[in-house]
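Enquirer: mmCIF, C-alpha atoms and all ligand atoms, file coords04.cif:
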data_model
#
loop_
_atom_site.group_PDB
_atom_site.id
_atom_site.type_symbol
_atom_site.label_atom_id
_atom_site.label_comp_id
_atom_site.auth_asym_id
_atom_site.auth_seq_id
_atom_site.Cartn_x
_atom_site.Cartn_y
_atom_site.Cartn_z
ATOM 1 C CA MET A 1 0.000 0.000 0.000
ATOM 2 C CA PHE A 2 2.662 2.517 1.028
ATOM 3 C CA GLU A 3 4.988 1.555 -1.832
ATOM 4 C CA GLU A 4 2.456 3.026 -4.264
ATOM 5 C CA LEU A 5 2.520 6.446 -2.607
ATOM 6 C CA GLN A 6 4.274 8.901 -4.897
ATOM 7 C CA GLY A 7 5.745 12.297 -4.125
ATOM 8 C CA SER A 8 5.468 14.035 -0.785
ATOM 9 C CA GLY A 9 2.910 13.532 1.933
ATOM 10 C CA VAL A 10 1.558 14.985 5.153
ATOM 11 C CA LEU A 11 0.470 12.969 8.172
ATOM 12 C CA ILE A 12 -2.255 14.594 10.298
ATOM 13 C CA HIS A 13 -2.621 13.054 13.729
ATOM 14 C CA HIS A 14 -4.530 13.577 16.960
ATOM 15 C CA TRP A 15 -2.569 15.438 19.660
ATOM 16 C CA ASP A 16 -2.966 12.793 22.364
ATOM 17 C CA ALA A 17 -0.864 9.737 23.265
ATOM 18 C CA ASP A 18 -2.742 7.508 20.802
ATOM 19 C CA GLY A 19 -2.276 9.999 17.970
ATOM 20 C CA ILE A 20 1.410 10.464 18.778
ATOM 21 C CA CYS A 21 2.103 6.705 18.994
ATOM 22 C CA SER A 22 0.163 6.028 15.779
ATOM 23 C CA ALA A 23 2.208 8.733 14.042
ATOM 24 C CA ARG A 24 5.420 7.184 15.391
ATOM 25 C CA LEU A 25 4.474 3.816 13.863
ATOM 26 C CA LEU A 26 3.593 5.360 10.483
ATOM 27 C CA LEU A 27 6.664 7.607 10.349
ATOM 28 C CA GLU A 28 8.891 4.587 10.826
ATOM 29 C CA LYS A 29 7.693 3.300 7.435
ATOM 30 C CA LEU A 30 7.282 6.632 5.664
ATOM 31 C CA SER A 31 9.665 9.091 7.287
ATOM 32 C CA LYS A 32 11.469 9.919 4.058
ATOM 33 C CA LYS A 33 8.462 11.186 2.208
ATOM 34 C CA ILE A 34 6.207 12.633 4.890
ATOM 35 C CA VAL A 35 5.888 15.494 7.409
ATOM 36 C CA ASN A 36 3.602 15.221 10.426
ATOM 37 C CA LYS A 37 1.136 17.842 11.692
ATOM 38 C CA THR A 38 -1.519 18.064 14.375
ATOM 39 C CA PRO A 39 -4.558 20.380 14.009
ATOM 40 C CA VAL A 40 -4.945 23.528 16.119
ATOM 41 C CA LEU A 41 -5.261 22.007 19.605
ATOM 42 C CA GLY A 42 -8.922 21.494 20.450
ATOM 43 C CA ASN A 43 -10.047 21.600 16.792
ATOM 44 C CA TYR A 44 -11.536 18.361 15.467
ATOM 45 C CA PHE A 45 -11.498 19.917 12.005
ATOM 46 C CA LEU A 46 -9.030 21.680 9.729
ATOM 47 C CA THR A 47 -8.988 25.436 9.252
ATOM 48 C CA GLU A 48 -9.124 27.010 5.802
ATOM 49 C CA GLU A 49 -5.358 27.666 5.978
ATOM 50 C CA GLU A 50 -4.635 24.050 6.910
ATOM 51 C CA LEU A 51 -6.865 22.735 4.106
ATOM 52 C CA THR A 52 -5.065 24.920 1.575
ATOM 53 C CA GLU A 53 -1.615 23.998 2.853
ATOM 54 C CA TYR A 54 -2.260 20.245 2.997
ATOM 55 C CA SER A 55 -3.894 20.195 -0.452
ATOM 56 C CA SER A 56 -0.482 20.881 -1.981
ATOM 57 C CA TYR A 57 0.798 17.428 -0.970
ATOM 58 C CA ASN A 58 0.524 14.327 -3.164
ATOM 59 C CA PHE A 59 -0.900 12.258 -0.342
ATOM 60 C CA VAL A 60 -2.463 12.878 3.064
ATOM 61 C CA ILE A 61 -2.677 10.364 5.894
ATOM 62 C CA VAL A 62 -5.102 11.090 8.739
ATOM 63 C CA VAL A 63 -4.748 9.083 11.921
ATOM 64 C CA ASP A 64 -6.815 8.874 15.131
ATOM 65 C CA MET A 65 -9.147 11.677 14.044
ATOM 66 C CA ALA A 66 -12.592 11.626 12.489
ATOM 67 C CA LEU A 67 -12.199 14.853 10.528
ATOM 68 C CA PRO A 68 -15.435 16.142 8.969
ATOM 69 C CA GLU A 69 -16.284 14.476 5.678
ATOM 70 C CA ASP A 70 -16.172 17.788 3.776
ATOM 71 C CA ASN A 71 -12.589 18.346 5.039
ATOM 72 C CA ILE A 72 -11.633 14.919 3.685
ATOM 73 C CA ASN A 73 -13.361 15.544 0.362
ATOM 74 C CA ARG A 74 -11.523 18.842 -0.018
ATOM 75 C CA LEU A 75 -8.171 17.114 0.540
ATOM 76 C CA ALA A 76 -9.110 14.247 -1.774
ATOM 77 C CA LYS A 77 -9.610 16.633 -4.710
ATOM 78 C CA ASN A 78 -5.852 17.006 -5.107
ATOM 79 C CA ALA A 79 -4.283 14.340 -2.924
ATOM 80 C CA LYS A 80 -4.555 10.640 -2.289
ATOM 81 C CA VAL A 81 -6.132 10.320 1.176
ATOM 82 C CA LEU A 82 -5.707 7.457 3.656
ATOM 83 C CA ILE A 83 -7.457 7.393 7.058
ATOM 84 C CA PHE A 84 -6.646 5.107 9.990
ATOM 85 C CA ASP A 85 -9.090 5.577 12.826
ATOM 86 C CA HIS A 86 -11.291 4.007 15.486
ATOM 87 C CA HIS A 87 -13.863 6.755 16.093
ATOM 88 C CA LEU A 88 -17.463 6.209 15.105
ATOM 89 C CA GLN A 89 -17.688 7.558 11.558
ATOM 90 C CA LYS A 90 -19.397 6.116 8.538
ATOM 91 C CA PRO A 91 -17.044 4.992 5.745
ATOM 92 C CA ILE A 92 -16.046 7.865 3.445
ATOM 93 C CA GLN A 93 -16.273 6.981 -0.251
ATOM 94 C CA GLY A 94 -13.402 7.579 -2.626
ATOM 95 C CA VAL A 95 -10.618 7.422 -0.035
ATOM 96 C CA PHE A 96 -8.804 4.602 1.746
ATOM 97 C CA HIS A 97 -10.683 4.475 5.065
ATOM 98 C CA GLN A 98 -9.330 1.893 7.490
ATOM 99 C CA ASN A 99 -11.806 2.097 10.376
ATOM 100 C CA PRO A 100 -13.229 -1.203 11.660
ATOM 101 C CA ILE A 101 -15.526 0.659 14.110
ATOM 102 C CA GLY A 102 -17.032 2.633 11.236
ATOM 103 C CA LYS A 103 -17.740 -0.704 9.530
ATOM 104 C CA GLY A 104 -19.600 -1.928 12.598
ATOM 105 C CA GLU A 105 -16.904 -4.061 14.242
ATOM 106 C CA ASP A 106 -16.723 -4.464 18.018
ATOM 107 C CA PRO A 107 -14.890 -1.457 19.612
ATOM 108 C CA LEU A 108 -13.489 -3.799 22.282
ATOM 109 C CA LEU A 109 -11.434 -5.513 19.549
ATOM 110 C CA TYR A 110 -10.073 -2.215 18.177
ATOM 111 C CA PRO A 111 -9.354 -0.098 21.264
ATOM 112 C CA SER A 112 -7.041 2.469 19.639
ATOM 113 C CA ALA A 113 -5.800 3.881 16.363
ATOM 114 C CA SER A 114 -2.299 2.714 17.292
ATOM 115 C CA TRP A 115 -3.544 -0.883 17.378
ATOM 116 C CA ILE A 116 -5.247 -0.563 13.982
ATOM 117 C CA VAL A 117 -2.133 1.034 12.439
ATOM 118 C CA ASN A 118 0.207 -1.528 13.967
ATOM 119 C CA ASP A 119 -1.981 -4.349 12.702
ATOM 120 C CA PHE A 120 -2.119 -2.814 9.220
ATOM 121 C CA LEU A 121 1.675 -2.514 9.149
ATOM 122 C CA GLY A 122 2.017 -6.167 10.131
ATOM 123 C CA ASN A 123 4.184 -5.330 13.141
ATOM 124 C CA PRO A 124 4.396 -7.545 16.200
ATOM 125 C CA VAL A 125 2.880 -6.195 19.442
ATOM 126 C CA ASN A 126 5.077 -3.363 20.681
ATOM 127 C CA VAL A 127 5.078 -0.620 23.270
ATOM 128 C CA PHE A 128 3.680 2.077 20.941
ATOM 129 C CA ALA A 129 0.697 -0.021 19.874
ATOM 130 C CA LEU A 130 -0.060 -0.582 23.569
ATOM 131 C CA LEU A 131 0.566 2.993 24.759
ATOM 132 C CA GLY A 132 -2.099 4.242 22.353
ATOM 133 C CA ILE A 133 -4.571 1.815 23.921
ATOM 134 C CA ILE A 134 -3.651 2.811 27.464
ATOM 135 C CA GLY A 135 -3.793 6.480 26.468
ATOM 136 C CA ASP A 136 -7.387 6.203 25.297
ATOM 137 C CA HIS A 137 -8.631 3.961 28.123
ATOM 138 C CA GLU A 138 -6.234 4.405 31.060
ATOM 139 C CA LYS A 139 -7.135 2.024 33.916
ATOM 140 C CA ARG A 140 -10.470 1.095 32.325
ATOM 141 C CA ILE A 141 -8.582 -1.149 29.881
ATOM 142 C CA GLN A 142 -8.188 -3.572 32.793
ATOM 143 C CA THR A 143 -11.809 -4.618 32.232
ATOM 144 C CA ASN A 144 -11.057 -5.548 28.573
ATOM 145 C CA LYS A 145 -9.883 -9.105 29.182
ATOM 146 C CA GLU A 146 -8.341 -9.772 25.789
ATOM 147 C CA PHE A 147 -6.303 -6.593 25.671
ATOM 148 C CA TYR A 148 -5.417 -6.468 29.320
ATOM 149 C CA THR A 149 -3.891 -9.934 28.863
ATOM 150 C CA LYS A 150 -1.854 -8.662 25.910
ATOM 151 C CA ILE A 151 -0.650 -5.729 28.028
ATOM 152 C CA THR A 152 0.187 -7.922 31.021
ATOM 153 C CA ASP A 153 2.099 -10.410 28.844
ATOM 154 C CA PHE A 154 4.057 -7.558 27.302
ATOM 155 C CA CYS A 155 4.845 -6.083 30.741
ATOM 156 C CA ILE A 156 6.210 -9.407 31.969
ATOM 157 C CA LYS A 157 8.311 -9.915 28.852
ATOM 158 C CA GLU A 158 9.711 -6.376 28.750
ATOM 159 C CA ARG A 159 9.842 -5.826 32.532
ATOM 160 C CA PHE A 160 7.470 -2.885 32.683
ATOM 161 C CA THR A 161 4.708 -2.299 35.197
ATOM 162 C CA PHE A 162 1.257 -1.135 34.126
ATOM 163 C CA ASP A 163 1.799 2.042 36.164
ATOM 164 C CA GLU A 164 4.968 2.805 34.221
ATOM 165 C CA LEU A 165 3.056 2.543 30.942
ATOM 166 C CA LEU A 166 0.349 4.765 32.433
ATOM 167 C CA MET A 167 2.976 7.332 33.421
ATOM 168 C CA MET A 168 4.377 7.273 29.855
ATOM 169 C CA VAL A 169 0.902 8.079 28.598
ATOM 170 C CA TYR A 170 0.523 11.009 31.003
ATOM 171 C CA LEU A 171 3.891 12.327 29.836
ATOM 172 C CA LEU A 172 2.935 11.982 26.148
ATOM 173 C CA ASP A 173 -0.408 13.703 26.815
ATOM 174 C CA SER A 174 1.257 16.548 28.715
ATOM 175 C CA SER A 175 2.284 18.526 25.611
ATOM 176 C CA TYR A 176 -1.258 19.136 24.390
ATOM 177 C CA LYS A 177 -2.509 19.749 27.916
ATOM 178 C CA VAL A 178 -0.065 22.632 28.336
ATOM 179 C CA GLY A 179 -1.067 23.837 24.861
ATOM 180 C CA ASP A 180 2.244 23.146 23.117
ATOM 181 C CA ARG A 181 1.313 22.182 19.565
ATOM 182 C CA LYS A 182 4.900 22.197 18.351
ATOM 183 C CA ALA A 183 5.949 19.753 21.067
ATOM 184 C CA VAL A 184 3.095 17.448 19.995
ATOM 185 C CA GLU A 185 4.476 17.434 16.461
ATOM 186 C CA GLU A 186 8.010 16.757 17.704
ATOM 187 C CA ALA A 187 6.944 13.869 19.927
ATOM 188 C CA PRO A 188 6.667 11.114 17.250
ATOM 189 C CA HIS A 189 10.229 11.934 16.153
ATOM 190 C CA LEU A 190 11.510 11.670 19.710
ATOM 191 C CA LEU A 191 9.817 8.281 20.012
ATOM 192 C CA LEU A 192 11.608 7.204 16.832
ATOM 193 C CA GLU A 193 14.959 8.248 18.279
ATOM 194 C CA TYR A 194 14.470 6.623 21.667
ATOM 195 C CA THR A 195 16.212 3.269 21.876
ATOM 196 C CA GLY A 196 13.975 2.134 24.742
ATOM 197 C CA ALA A 197 10.545 3.243 25.894
ATOM 198 C CA ARG A 198 11.938 3.918 29.347
ATOM 199 C CA ARG A 199 13.437 7.084 27.867
ATOM 200 C CA ILE A 200 9.912 8.519 27.834
ATOM 201 C CA LEU A 201 9.941 8.436 31.636
ATOM 202 C CA GLN A 202 13.125 10.498 31.676
ATOM 203 C CA ASN A 203 12.031 13.311 29.356
ATOM 204 C CA ILE A 204 12.580 16.412 31.512
ATOM 205 C CA ARG A 205 10.339 18.673 29.471
ATOM 206 C CA TRP A 206 7.363 16.326 29.752
ATOM 207 C CA LYS A 207 8.029 15.829 33.466
ATOM 208 C CA ASN A 208 8.033 19.612 33.949
ATOM 209 C CA ASN A 209 4.753 19.808 32.027
ATOM 210 C CA LEU A 210 3.180 17.427 34.522
ATOM 211 C CA LEU A 211 4.366 19.529 37.479
ATOM 212 C CA LEU A 212 3.007 22.662 35.833
ATOM 213 C CA LEU A 213 -0.346 20.991 35.129
ATOM 214 C CA GLU A 214 -0.625 19.663 38.660
ATOM 215 C CA LYS A 215 -0.037 23.154 40.106
ATOM 216 C CA GLU A 216 -2.500 24.809 37.745
ATOM 217 C CA ILE A 217 -5.171 22.181 38.451
ATOM 218 C CA ALA A 218 -4.747 22.564 42.238
ATOM 219 C CA LYS A 219 -4.976 26.359 41.939
ATOM 220 C CA HIS A 220 -8.344 26.186 40.199
ATOM 221 C CA VAL A 221 -9.760 23.383 42.321
ATOM 222 C CA THR A 222 -9.081 25.261 45.566
ATOM 223 C CA ALA A 223 -10.174 28.729 44.338
ATOM 224 C CA PRO A 224 -13.618 29.697 45.677
ATOM 225 C CA GLY A 225 -16.602 29.096 43.380
ATOM 226 C CA GLU A 226 -20.296 29.996 43.378
ATOM 227 C CA GLU A 227 -23.099 27.767 44.559
ATOM 228 C CA LYS A 228 -26.558 28.061 42.984
ATOM 229 C CA GLN A 229 -29.355 25.776 44.205
ATOM 230 C CA GLY A 230 -26.897 23.123 45.304
ATOM 231 C CA ILE A 231 -24.943 23.300 42.041
ATOM 232 C CA LEU A 232 -21.301 24.331 42.103
ATOM 233 C CA LEU A 233 -20.237 26.775 39.410
ATOM 234 C CA LYS A 234 -16.567 27.520 38.906
ATOM 235 C CA ARG A 235 -15.229 30.091 36.458
ATOM 236 C CA ILE A 236 -11.599 29.606 35.470
ATOM 237 C CA HIS A 237 -9.302 31.267 32.965
ATOM 238 C CA THR A 238 -6.472 29.012 31.829
ATOM 239 C CA LYS A 239 -4.746 28.298 28.532
ATOM 240 C CA PHE A 240 -4.209 24.716 29.698
ATOM 241 C CA ASN A 241 -6.537 21.915 28.654
ATOM 242 C CA ILE A 242 -7.431 20.849 32.183
ATOM 243 C CA ILE A 243 -11.153 21.533 32.400
ATOM 244 C CA SER A 244 -12.170 17.864 32.607
ATOM 245 C CA THR A 245 -9.707 17.153 35.420
ATOM 246 C CA VAL A 246 -10.707 20.283 37.361
ATOM 247 C CA THR A 247 -14.398 19.390 37.046
ATOM 248 C CA ARG A 248 -13.839 15.790 38.122
ATOM 249 C CA LYS A 249 -11.866 16.810 41.208
ATOM 250 C CA ILE A 250 -14.413 19.399 42.333
ATOM 251 C CA ALA A 251 -17.336 17.045 41.725
ATOM 252 C CA TRP A 252 -15.737 14.078 43.461
ATOM 253 C CA ASP A 253 -14.543 16.143 46.454
ATOM 254 C CA SER A 254 -17.950 17.763 46.976
ATOM 255 C CA GLY A 255 -20.339 15.083 45.761
ATOM 256 C CA LYS A 256 -22.321 17.884 44.085
ATOM 257 C CA ASP A 257 -23.302 18.612 40.497
ATOM 258 C CA THR A 258 -20.503 20.747 39.082
ATOM 259 C CA VAL A 259 -20.247 23.197 36.179
ATOM 260 C CA VAL A 260 -16.879 24.593 35.131
ATOM 261 C CA LEU A 261 -16.401 27.382 32.600
ATOM 262 C CA ASN A 262 -12.990 28.085 31.073
ATOM 263 C CA THR A 263 -12.676 31.390 29.252
ATOM 264 C CA GLY A 264 -8.944 31.050 28.559
ATOM 265 C CA PHE A 265 -8.523 28.207 26.041
ATOM 266 C CA PHE A 266 -9.999 29.513 22.776
ATOM 267 C CA LYS A 267 -10.006 33.097 21.535
ATOM 268 C CA ASP A 268 -13.667 33.384 20.511
ATOM 269 C CA MET A 269 -15.111 30.383 22.314
ATOM 270 C CA ASP A 270 -15.471 29.130 25.882
ATOM 271 C CA GLN A 271 -15.103 25.603 27.197
ATOM 272 C CA ILE A 272 -17.921 24.345 29.436
ATOM 273 C CA TYR A 273 -17.796 21.077 31.344
ATOM 274 C CA VAL A 274 -20.484 19.497 33.513
ATOM 275 C CA ARG A 275 -20.477 16.535 35.859
ATOM 276 C CA SER A 276 -23.736 15.422 37.427
ATOM 277 C CA ASN A 277 -25.574 12.613 39.151
ATOM 278 C CA LYS A 278 -28.368 13.199 36.626
ATOM 279 C CA ASN A 279 -28.475 11.751 33.120
ATOM 280 C CA LEU A 280 -27.036 14.535 30.963
ATOM 281 C CA GLN A 281 -28.067 13.096 27.578
ATOM 282 C CA PRO A 282 -31.044 15.483 27.125
ATOM 283 C CA LEU A 283 -28.767 18.434 27.878
ATOM 284 C CA ILE A 284 -26.188 17.203 25.338
ATOM 285 C CA GLN A 285 -28.973 16.921 22.735
ATOM 286 C CA GLN A 286 -30.138 20.436 23.598
ATOM 287 C CA GLY A 287 -26.606 21.806 23.224
ATOM 288 C CA LYS A 288 -26.300 20.158 19.808
ATOM 289 C CA MET A 289 -29.663 21.571 18.735
ATOM 290 C CA LEU A 290 -28.425 25.025 19.694
ATOM 291 C CA GLY A 291 -25.526 24.385 17.298
ATOM 292 C CA TYR A 292 -22.751 24.033 19.872
ATOM 293 C CA ARG A 293 -19.884 21.555 19.687
ATOM 294 C CA CYS A 294 -21.193 19.328 22.417
ATOM 295 C CA GLY A 295 -20.598 15.771 23.541
ATOM 296 C CA GLY A 296 -20.177 13.517 26.511
ATOM 297 C CA LYS A 297 -21.507 10.527 28.369
ATOM 298 C CA THR A 298 -24.340 9.913 30.812
ATOM 299 C CA GLU A 299 -22.705 11.788 33.684
ATOM 300 C CA VAL A 300 -20.456 14.162 31.714
ATOM 301 C CA LEU A 301 -20.995 16.996 29.252
ATOM 302 C CA GLY A 302 -18.312 18.939 27.416
ATOM 303 C CA ALA A 303 -19.166 21.874 25.172
ATOM 304 C CA VAL A 304 -17.480 24.629 23.213
ATOM 305 C CA VAL A 305 -19.701 27.679 22.960
ATOM 306 C CA PRO A 306 -19.276 31.098 21.306
ATOM 307 C CA LYS A 307 -18.405 33.593 24.045
ATOM 308 C CA GLU A 308 -21.567 35.665 23.533
ATOM 309 C CA ARG A 309 -23.725 32.565 24.160
ATOM 310 C CA THR A 310 -21.912 31.309 27.256
ATOM 311 C CA GLU A 311 -24.046 32.940 29.954
ATOM 312 C CA SER A 312 -27.332 31.852 28.418
ATOM 313 C CA PHE A 313 -26.126 28.248 28.030
ATOM 314 C CA ILE A 314 -24.924 28.217 31.651
ATOM 315 C CA GLN A 315 -28.389 29.396 32.711
ATOM 316 C CA GLU A 316 -29.894 26.526 30.697
ATOM 317 C CA ILE A 317 -27.541 24.075 32.393
ATOM 318 C CA VAL A 318 -28.354 25.329 35.913
ATOM 319 C CA ARG A 319 -32.089 25.203 35.125
ATOM 320 C CA PHE A 320 -31.710 21.623 33.851
ATOM 321 C CA LEU A 321 -29.744 20.468 36.897
ATOM 322 C CA SER A 322 -31.926 22.114 39.572
HETATM 323 MN MN MN B 1 -7.513 7.276 19.775
#
As structure tokens, please, write out the structure in this file.
Ligand SMILES: [Mn+2]
Expert:
Amino acid sequence: MFEELQGSGVLIHHWDADGICSARLLLEKLSKKIVNKTPVLGNYFLTEEELTEYSSYNFVIVVDMALPEDNINRLAKNAKVLIFDHHLQKPIQGVFHQNPIGKGEDPLLYPSASWIVNDFLGNPVNVFALLGIIGDHEKRIQTNKEFYTKITDFCIKERFTFDELLMMVYLLDSSYKVGDRKAVEEAPHLLLEYTGARRILQNIRWKNNLLLLEKEIAKHVTAPGEEKQGILLKRIHTKFNIISTVTRKIAWDSGKDTVVLNTGFFKDMDQIYVRSNKNLQPLIQQGKMLGYRCGGKTEVLGAVVPKERTESFIQEIVRFLS
């Protein structure tokens, strides 16, 4: 498949540990003809400038991201497009779309993009394939019998502990959490240079990121918030991507429904995060109907809202929760 690729290419990958490890695996096979990029942090789409820039390549590989179909079609006008992913997205016609989940396969059997890529490349199980899995699932992977066995076997053979692999994932995720897009793009190259995965644990810059994140999270968790009808509302202003962690800590410490607003991550948009004992699905639907980027699970809602709409959406949220 890769032998047929002519000319120069660009590899677009997610900014998290899975995206970085998947990129590392692909670069190993393609490094001579490809450059790697991650989107603007927090954007699950490409900007007009990115679309124009990437259209000048002969081929584009997208990994661990379900970019909007119209983005893909734009790229496919000029370039050969290949996608390796495990997010729920229906198969896109006219491009090479390697996504077993999109074809209806069991997500438990394809827990990360790194696994799908590694499988496609015909590699044996290795630390990067597994780090992508642990990055996306953390400790919850321990309930996936088949894959937890693979991880445990690997740990015994290579003399790692699960907690060491988990720490590697936190270190790899630290670049995007501190908002360092360039460091995200450098990471796959570092992983190519490292002779052993243990080197990840020694990367000073990533270790400093974690200290910085820990401090910033503690600062916002302990700062006083408002309480409205038994609901905690915390307004923070940080350029770090820590809203989910801050919300979780406040909610778990207090046992109360918690709403956190971050006005410091995007220029024109605000991040909103909610954790509740109530089922938040109707609220997520409502947010989507209002046209916001909105998602989550039963107990969690994350949204990105234009700044001028923030206060009205927060009122909606408080009304829903109380
Ligand atoms: Mn992933």
Enquirer: Using all atoms listed in the file, which residues have at least one atom no more than 8 Å from ligand MN 1 (chain B)? Output them as JSON, numbers by chain.
Expert: {"A": [14, 16, 17, 18, 19, 64, 65, 85, 86, 87, 111, 112, 113, 114, 132, 133, 135, 136]}
Enquirer: A:Phe154, A:Phe160, A:Phe2, A:Phe96: which is nearest A:Asn73, counting all atoms listed in the file?
Expert: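 Nearest to A:Asn73: A:Phe96.
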Enquirer: If we draw a sphere of 6 Å around (-7.6, 22.1, 40.1), which residues have at least one atom in it when counting all atoms listed in the file? Please report them as a PyMOL selection string.
Expert: chain A and resi 217-221+246
Enquirer: Which neighbours of A:Phe313 fall inside 12 Å, counting all atoms listed in the file, when residues of the same chain fewer than 2 positions from it are skipped, and could you give them as a PyMOL selection string?
Expert: chain A and resi 259+261+270-274+283-284+286-292+294+303-311+315-320
Enquirer: Just C-alpha atoms for this one: save the residues we selected as a PDB file, in the frame of the given file.
Expert:
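For reference, selection-v7.pdb as written:
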ATOM      1  CA  VAL A 259     -20.247  23.197  36.179  1.00  0.00           C
ATOM      2  CA  LEU A 261     -16.401  27.382  32.600  1.00  0.00           C
ATOM      3  CA  ASP A 270     -15.471  29.130  25.882  1.00  0.00           C
ATOM      4  CA  GLN A 271     -15.103  25.603  27.197  1.00  0.00           C
ATOM      5  CA  ILE A 272     -17.921  24.345  29.436  1.00  0.00           C
ATOM      6  CA  TYR A 273     -17.796  21.077  31.344  1.00  0.00           C
ATOM      7  CA  VAL A 274     -20.484  19.497  33.513  1.00  0.00           C
ATOM      8  CA  LEU A 283     -28.767  18.434  27.878  1.00  0.00           C
ATOM      9  CA  ILE A 284     -26.188  17.203  25.338  1.00  0.00           C
ATOM     10  CA  GLN A 286     -30.138  20.436  23.598  1.00  0.00           C
ATOM     11  CA  GLY A 287     -26.606  21.806  23.224  1.00  0.00           C
ATOM     12  CA  LYS A 288     -26.300  20.158  19.808  1.00  0.00           C
ATOM     13  CA  MET A 289     -29.663  21.571  18.735  1.00  0.00           C
ATOM     14  CA  LEU A 290     -28.425  25.025  19.694  1.00  0.00           C
ATOM     15  CA  GLY A 291     -25.526  24.385  17.298  1.00  0.00           C
ATOM     16  CA  TYR A 292     -22.751  24.033  19.872  1.00  0.00           C
ATOM     17  CA  CYS A 294     -21.193  19.328  22.417  1.00  0.00           C
ATOM     18  CA  ALA A 303     -19.166  21.874  25.172  1.00  0.00           C
ATOM     19  CA  VAL A 304     -17.480  24.629  23.213  1.00  0.00           C
ATOM     20  CA  VAL A 305     -19.701  27.679  22.960  1.00  0.00           C
ATOM     21  CA  PRO A 306     -19.276  31.098  21.306  1.00  0.00           C
ATOM     22  CA  LYS A 307     -18.405  33.593  24.045  1.00  0.00           C
ATOM     23  CA  GLU A 308     -21.567  35.665  23.533  1.00  0.00           C
ATOM     24  CA  ARG A 309     -23.725  32.565  24.160  1.00  0.00           C
ATOM     25  CA  THR A 310     -21.912  31.309  27.256  1.00  0.00           C
ATOM     26  CA  GLU A 311     -24.046  32.940  29.954  1.00  0.00           C
ATOM     27  CA  GLN A 315     -28.389  29.396  32.711  1.00  0.00           C
ATOM     28  CA  GLU A 316     -29.894  26.526  30.697  1.00  0.00           C
ATOM     29  CA  ILE A 317     -27.541  24.075  32.393  1.00  0.00           C
ATOM     30  CA  VAL A 318     -28.354  25.329  35.913  1.00  0.00           C
ATOM     31  CA  ARG A 319     -32.089  25.203  35.125  1.00  0.00           C
ATOM     32  CA  PHE A 320     -31.710  21.623  33.851  1.00  0.00           C
TER      33      PHE A 320
END
Enquirer: Please indicate the distance in Å from atom CA of A:Leu25 to atom CA of A:Glu193, rounded to one decimal place.
Expert: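 Straight-line distance from atom CA of A:Leu25 to atom CA of A:Glu193 works out to 12.2 Å.
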